[in-house]
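**Q** Got a structure for you, written out below as structure tokens; questions coming shortly.
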Amino acid sequence: MNFRYFVVGVVVGLSGCATGATGGGQDHCGNGTVEKDLGEQCDDGNTIDGDGCSSDCHNEAISETICNDAVDNDNDGKVDCGDDDCDGLLCGENGRLCREHMCVCPGGDGPESNCTDGSDDDCDGQVDCADSDCATDPVCNGDAEGICGDGVDNDTDGQTDCADSDCDGKACGENGRVCRDGSCVCPGGQETETNCSNAQDDDCDGQMDCLDSDCDQSPDCVGQETNCGDGVDNDGDGTTDCADSDCSGRACAANGKECVSGACQCPGGQTTETNCTDNNDDDCDGLIDCSDGDCSANPACVNAETNCSDGVDNDGDGHTDCADSDCVNSPCGSNGRRCQSGVCQCPGGQTSETACADFVDDDCDGTTDCADSDCSMSPSCRETNCSDNVDNDGDGHADCADSDCASMACGPHGLTCQSGSCQCPGGSTELACSDSQDNDCDGDVDCADSDCASSSACVESVCTDGVDNDHDGQTDCADSDCAGLDCGPHGLKCQSGTCQCPGGSTETACSDLQDNDCDGAMDCSDSDCSTDPACSGATTCTPDALFLCGLEGDGSTVGQTNDVQDYSCTTLTESGPEYVYQFLTTTNVTATVDLTNMSSDLDLFAIDDQAGECDPSNCLTDSVGVGDESIVLNPAGAHIYYLSVDGFAGNSGTYHIAATCSGGSGCSASFLVNCGDSDSYQTGLATSTDNVSSYSCASLTEDGPEYTYLFAPSSGSSATVTMSPSGADLDLFVLDWSGGTCAGTNCNTYSAGIGSETVTFSITPGNLYFVVVDGWNGAQGSYTINFTCN
């Protein structure tokens with residue numbers, strides 16, 4: 001019996017050993033507690049297969065979920081990197097990965113291969129110059145410029161940053177700028193966003209495509225919803241955020257949510273964590289893999305580091321929080337920090353908000369997108385269009401009312417936002433007419449703007465050079481600016497769009513001192529006058545000199561001809577020789593001519609000019625007494641008289657003659673000049689007039705007194721007159737003869753500025769011209785003037 005009990009005891013004992021060794025589930029598998037010392041890999045509280053934990057408490061994974069735990073997670077007989085499932089996955093610290101069934105450093109286990117790339121190339125936990133491998137690297141020992149954008153001469157060779165050839169091709173600034181030819185530039189050299197749809201920051205300003213203000217007017221960007229989660233209809237098309245087709249596929253909320261089918265959702269429509277080992281937040285709730293409660297029963301999350309920021313080794317594997325591979329890419333701190341490379345950091349190591357409309361706190365500082373000061377200049381956070389009547393950034397202010405738009409374009413032709421409204425920086429008038437700018441933002445530049453109609457820059461300044469001086473498409477006489485102006489020698493003028501002679505093609509008057517047909521021959525020297533009485537000897541007196549109002553001088557009849565003895569205005573016989581003056585007067589003037597200091601009995605006669613003849617039968621008045629003589633003339637318009645100083649009863653002798661004029665409605669020439677003459681005088685003196693305040697060739701107010709010269713050039717094809725005032729603002733005008741009418745309506749050309757004035761104009765020798773010195777805005781003063789014939 002004792003033997004029987006012994007055998008039973010032995011059998012029972014053996015049975016108990018077998019149960020403990022095989023981990024049979026009746027005693028402990030299925031009790032909900034993982035007992036690793038009994039060989040359990042999991043315990044889900046039951047002994048049912050197919051639920052992730054088998055009936056004998058082993059994991060039922062379909063792939064190797066953790067590649068550094070020395071566990072065959074998927075029961076395929078292969079562990080960690082020995083399992084093909086782990087190829088390319090983290091298997092150790094400092095970035096080691098599974099490659100060809102081994103846990104290796106991607107850059108090799110050799111020394112740090114690059115000492116300036118910001119990477120731990122040999123996975124030893126030391127980066128760049130902090131790694132002893134880089135001790136002899138020129139960058140790390142000061143023999144080369146190691147940092148190309150810090151403003152420091154790192155290698156003390158006298159060259160800093162991009163100026164040092166060590167930096168050529170290296171990063172030197174933000175947003176992709178590199179050193180090229182000694183400067184820190186955008187690789188393509190662009191200063192603006194050249195392509196608004198290529199997903200590139202072409203000009204290295206940190207803003208890409210439509211987010212760059214350079215693209216505000218691009219067809220690719222006009223009318224785009226700029227923010228897909230702000231509740232604002234940014235492009236004013238009646239649809240907001242995801243309801244706008246512009247937002248399709250774009251971020252609309254935090255944790256990766258995108259606009260899909262008009263709604264803001266997780267890209268795949270997931271509402272739970274569908275994969276607990278893919279390092280992705282599958283349901284966009286901000287929790288990844290085992291940190292998401294959805295994965296609490298997943299085998300990959302049982303006995304894993306369940307909290308990566310509590311300072312506790314939750315799974316008792318000797319590694320705490322981010323030092324545990326279970327925590328790779330899991331949340332470990334506030335504001336989105338995750339476990340990366342064994343430490344808790346902001347994903348990617350960002351220190352600034354890199355994207356301003358992705359609903360992600362990129363730099364983990366607690367402020368997202370526009371709420372982060374890093375985004376203050378981002379188009380996503382600014383009024384991106386200042387002329388669309390839309391509050392693009394949702395701050396309650398639209399267009400120019402938003403301070404973001406200060407000095408930004410708000411309309412066509414240069415309109416910009418100023419003081420909260422859309423204005424033209426140059427004002428409402430074209431300020432400069434030759435700067436190629438639309439100063440008043442009305443769409444018309446320089447001479448094309450009506451504001452410049454009277455500008456000298458917009459007037460055909462020379463009508464004989466074959467050049468379109470004002471660039472209006474019309475040249476010389478074809479340009480209306482030249483109407484009535486000189487276009488050639490001998491008095492040719494622009495008329496009806498062509499260069500013509502105002503007097504026609506024939507010398508119409510043979511004693512008017514004018515070249516009527518502009519052929520260079522005047523009066524009797526023109527063959528047209530060969531049969532005219534004025535040129536056939538029928539005229540009985542011949543003018544010896546010109547005489548003007550304000551002139552005086554000594555003269556003599558001794559040795560002169562004795563062509564006239566009888567005058568129709570007297571019965572006396574004037575048998576002495578005579579000296580004849582051609583006397584020119586202006587409109588409505590009263591002229592008094594005095595003859596004094598005579599050495600013998602001389603008389604004075606005034607003969608009317610009719611048909612250019614000095615005919616004593618046209619005598620108007622005389623003074624034939626003994627002693628001084630005086631006559632008074634009152635012409636209604638500009639007029640020519642002949643003043644004859646003749647000797648009674650054969651007398652001849654010397655005398656003094658003076659012409660004094662008053663009144664008049666035009667200018668009155670007081671000084672006769674020829675080529676090469678000069679004068680120093682002063683406007684406002686007795687011989688000046690103050691009758692002309694405007695001139696047809698200039699839109700100026702010349703209401704100061706004027707002094708007028710009668711210019712009778714004897715040679716040349718053009719004349720240059722230069723007038724230099726002494727302080728006063730005096731201007732210079734040239735008037736055509738026009739039958740002797742000295743009036744502003746006969747203006748040929750002018751010079752009106754500050755300081756010296758110069759005019760050059762075509763002349764015909766023998767023709768007469770009025771040259772007027774006038775005062776702008778009431779000015780008067782002294783000056784010098786010079787007449788030159790070319």
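Letters for chains follow the order of the structure tokens (A, B, ...), residue numbers begin at 1 for each chain, and ligand numbers begin at 1 in the order shown.
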I'd like the contact shell of Cys667 of chain A - 7 Å cut-off, only C-alpha atoms, skipping same-chain residues fewer than 4 positions apart - returned as a list of chain:residue names.
**A**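 With the cut-off at 7 Å, the set is A:Thr689, A:Asn691, A:Val692, A:Thr708, A:Cys742, A:Ala743.
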**Q** Could you turn the residues from that selection into a file that holds all heavy atoms, as a PDB file, in the first residue's frame?
**A**
```
ATOM      1  N   THR A 689       5.371 149.829 -70.918  1.00  0.00           N
ATOM      2  CA  THR A 689       3.908 149.809 -70.888  1.00  0.00           C
ATOM      3  C   THR A 689       3.473 148.738 -69.903  1.00  0.00           C
ATOM      4  O   THR A 689       4.265 147.907 -69.472  1.00  0.00           O
ATOM      5  CB  THR A 689       3.332 149.506 -72.287  1.00  0.00           C
ATOM      6  OG1 THR A 689       3.871 148.267 -72.750  1.00  0.00           O
ATOM      7  CG2 THR A 689       3.674 150.613 -73.269  1.00  0.00           C
ATOM      8  N   ASN A 691       0.301 146.927 -70.462  1.00  0.00           N
ATOM      9  CA  ASN A 691      -0.960 146.644 -71.153  1.00  0.00           C
ATOM     10  C   ASN A 691      -1.163 145.165 -71.465  1.00  0.00           C
ATOM     11  O   ASN A 691      -2.280 144.749 -71.789  1.00  0.00           O
ATOM     12  CB  ASN A 691      -1.018 147.432 -72.476  1.00  0.00           C
ATOM     13  CG  ASN A 691      -1.020 148.934 -72.249  1.00  0.00           C
ATOM     14  OD1 ASN A 691      -1.583 149.403 -71.265  1.00  0.00           O
ATOM     15  ND2 ASN A 691      -0.377 149.682 -73.149  1.00  0.00           N
ATOM     16  N   VAL A 692      -0.114 144.356 -71.411  1.00  0.00           N
ATOM     17  CA  VAL A 692      -0.218 142.952 -71.801  1.00  0.00           C
ATOM     18  C   VAL A 692       0.003 142.072 -70.566  1.00  0.00           C
ATOM     19  O   VAL A 692       1.025 142.177 -69.898  1.00  0.00           O
ATOM     20  CB  VAL A 692       0.814 142.595 -72.889  1.00  0.00           C
ATOM     21  CG1 VAL A 692       0.654 141.130 -73.303  1.00  0.00           C
ATOM     22  CG2 VAL A 692       0.664 143.507 -74.090  1.00  0.00           C
ATOM     23  N   THR A 708       9.431 146.702 -74.583  1.00  0.00           N
ATOM     24  CA  THR A 708       9.401 146.057 -75.885  1.00  0.00           C
ATOM     25  C   THR A 708      10.500 146.596 -76.799  1.00  0.00           C
ATOM     26  O   THR A 708      10.727 147.806 -76.884  1.00  0.00           O
ATOM     27  CB  THR A 708       8.034 146.283 -76.554  1.00  0.00           C
ATOM     28  OG1 THR A 708       7.005 145.838 -75.673  1.00  0.00           O
ATOM     29  CG2 THR A 708       7.941 145.512 -77.857  1.00  0.00           C
ATOM     30  N   CYS A 742       1.453 145.138 -81.821  1.00  0.00           N
ATOM     31  CA  CYS A 742       2.215 144.535 -80.725  1.00  0.00           C
ATOM     32  C   CYS A 742       1.224 144.020 -79.685  1.00  0.00           C
ATOM     33  O   CYS A 742       0.770 144.768 -78.818  1.00  0.00           O
ATOM     34  CB  CYS A 742       3.181 145.559 -80.125  1.00  0.00           C
ATOM     35  SG  CYS A 742       4.324 144.873 -78.905  1.00  0.00           S
ATOM     36  N   ALA A 743       0.865 142.716 -79.777  1.00  0.00           N
ATOM     37  CA  ALA A 743      -0.166 142.157 -78.902  1.00  0.00           C
ATOM     38  C   ALA A 743       0.222 140.731 -78.513  1.00  0.00           C
ATOM     39  O   ALA A 743       0.865 140.012 -79.272  1.00  0.00           O
ATOM     40  CB  ALA A 743      -1.522 142.149 -79.606  1.00  0.00           C
TER      41      ALA A 743
END
```
**Q** For Cys247 of chain A, find every residue with an atom within 10 Å (counting only C-alpha atoms), except residues of its own chain fewer than 3 positions away, and show them as a list in words.
**A**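 After dropping sequence-adjacent residues, the list is Gln224, Glu225, Thr226, Asn227, Cys228, Gly229, Thr240, Asp241, Cys242, Ala243, Asp244, Arg250, Ala251, Cys252, Glu258, Cys259, Val260, Ser261, Gly262, Ala263 and Cys264 of chain A.
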**Q** Give me the residues near Asp369 of chain A as number ranges by chain, where near means some atom within 8 Å (using only C-alpha atoms) and where sequence neighbours in that chain fewer than 5 positions away do not count.
**A** A: 353, 355-361, 375, 381
**Q** Kindly give the distance, in Å, that separates atom CA of Ser738 of chain A and atom CA of Asp468 of chain A, rounded to a single decimal.
**A**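 Atom-to-atom, atom CA of Ser738 of chain A to atom CA of Asp468 of chain A, that is 28.3 Å.
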**Q** Would you compute the distance between atom CA of Leu735 of chain A and atom CA of Ala712 of chain A? Give it in Å to one decimal.
**A**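 It comes out at 12.6 Å.
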**Q** Quick one: residues within 8 Å of Pro577 of chain A, only C-alpha atoms counted, chain neighbours fewer than 2 positions away excluded, as a list of chain:residue names?
**A** A:Thr557, A:Val558, A:Gly559, A:Gln560, A:Thr561, A:Asn562, A:Asp563, A:Val564, A:Ser575, A:Tyr579, A:Asp646, A:Gly647, A:Gly650, A:Asn651, A:Ser652
**Q** Mind dumping the selected residues with N, CA and C atoms as a compact mmCIF listing (two decimals), in the first residue's frame?
**A**
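So the final result, stored in again-v4.txt, reads:
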```txt
# COMPACT_ATOMS: atom_id res chain seq x y z
N THR A 557 19.37 167.54 -92.12
CA THR A 557 18.89 167.43 -93.51
C THR A 557 19.98 167.80 -94.50
N VAL A 558 21.12 168.24 -93.99
CA VAL A 558 22.20 168.69 -94.87
C VAL A 558 22.67 167.50 -95.71
N GLY A 559 22.71 167.68 -97.02
CA GLY A 559 23.19 166.65 -97.92
C GLY A 559 22.13 165.62 -98.30
N GLN A 560 20.90 165.74 -97.75
CA GLN A 560 19.84 164.82 -98.10
C GLN A 560 19.22 165.19 -99.45
N THR A 561 18.41 164.27 -100.01
CA THR A 561 17.76 164.54 -101.30
C THR A 561 16.63 165.54 -101.15
N ASN A 562 16.26 166.14 -102.23
CA ASN A 562 15.15 167.10 -102.23
C ASN A 562 14.09 166.58 -103.20
N ASP A 563 13.40 165.48 -102.76
CA ASP A 563 12.41 164.87 -103.62
C ASP A 563 11.04 165.52 -103.48
N VAL A 564 10.75 166.14 -102.34
CA VAL A 564 9.40 166.66 -102.08
C VAL A 564 9.48 168.16 -101.79
N SER A 575 11.24 173.65 -100.23
CA SER A 575 12.21 173.39 -101.30
C SER A 575 13.57 172.93 -100.79
N TYR A 579 14.58 164.84 -94.53
CA TYR A 579 14.97 163.57 -93.90
C TYR A 579 13.68 162.90 -93.43
N ASP A 646 11.57 168.80 -93.28
CA ASP A 646 11.87 169.45 -94.57
C ASP A 646 12.24 170.92 -94.33
N GLY A 647 12.97 171.52 -95.30
CA GLY A 647 13.44 172.91 -95.15
C GLY A 647 12.59 173.90 -95.93
N GLY A 650 14.19 176.31 -99.12
CA GLY A 650 15.53 175.80 -99.42
C GLY A 650 16.43 175.63 -98.23
N ASN A 651 15.91 175.84 -97.00
CA ASN A 651 16.76 175.71 -95.81
C ASN A 651 17.15 174.25 -95.54
N SER A 652 18.29 174.06 -94.91
CA SER A 652 18.76 172.76 -94.41
C SER A 652 19.53 173.00 -93.13
```
**Q** Please identify which residues in segment 516-592 of chain A DSSP calls helix (DSSP H, G or I) from the backbone, and express them as an NGL selection string.
**A** :A and (523-525 or 527-529 or 533-535)
**Q** List as a PyMOL selection string the protein and nucleic acid residues near Tyr567 of chain A, meaning an atom at most 12 Å away when only C-alpha atoms are counted, but skip any in the same chain fewer than 2 places from it.
**A** chain A and resi 540-541+563-565+569-575+603-608+614-624+644-646+648
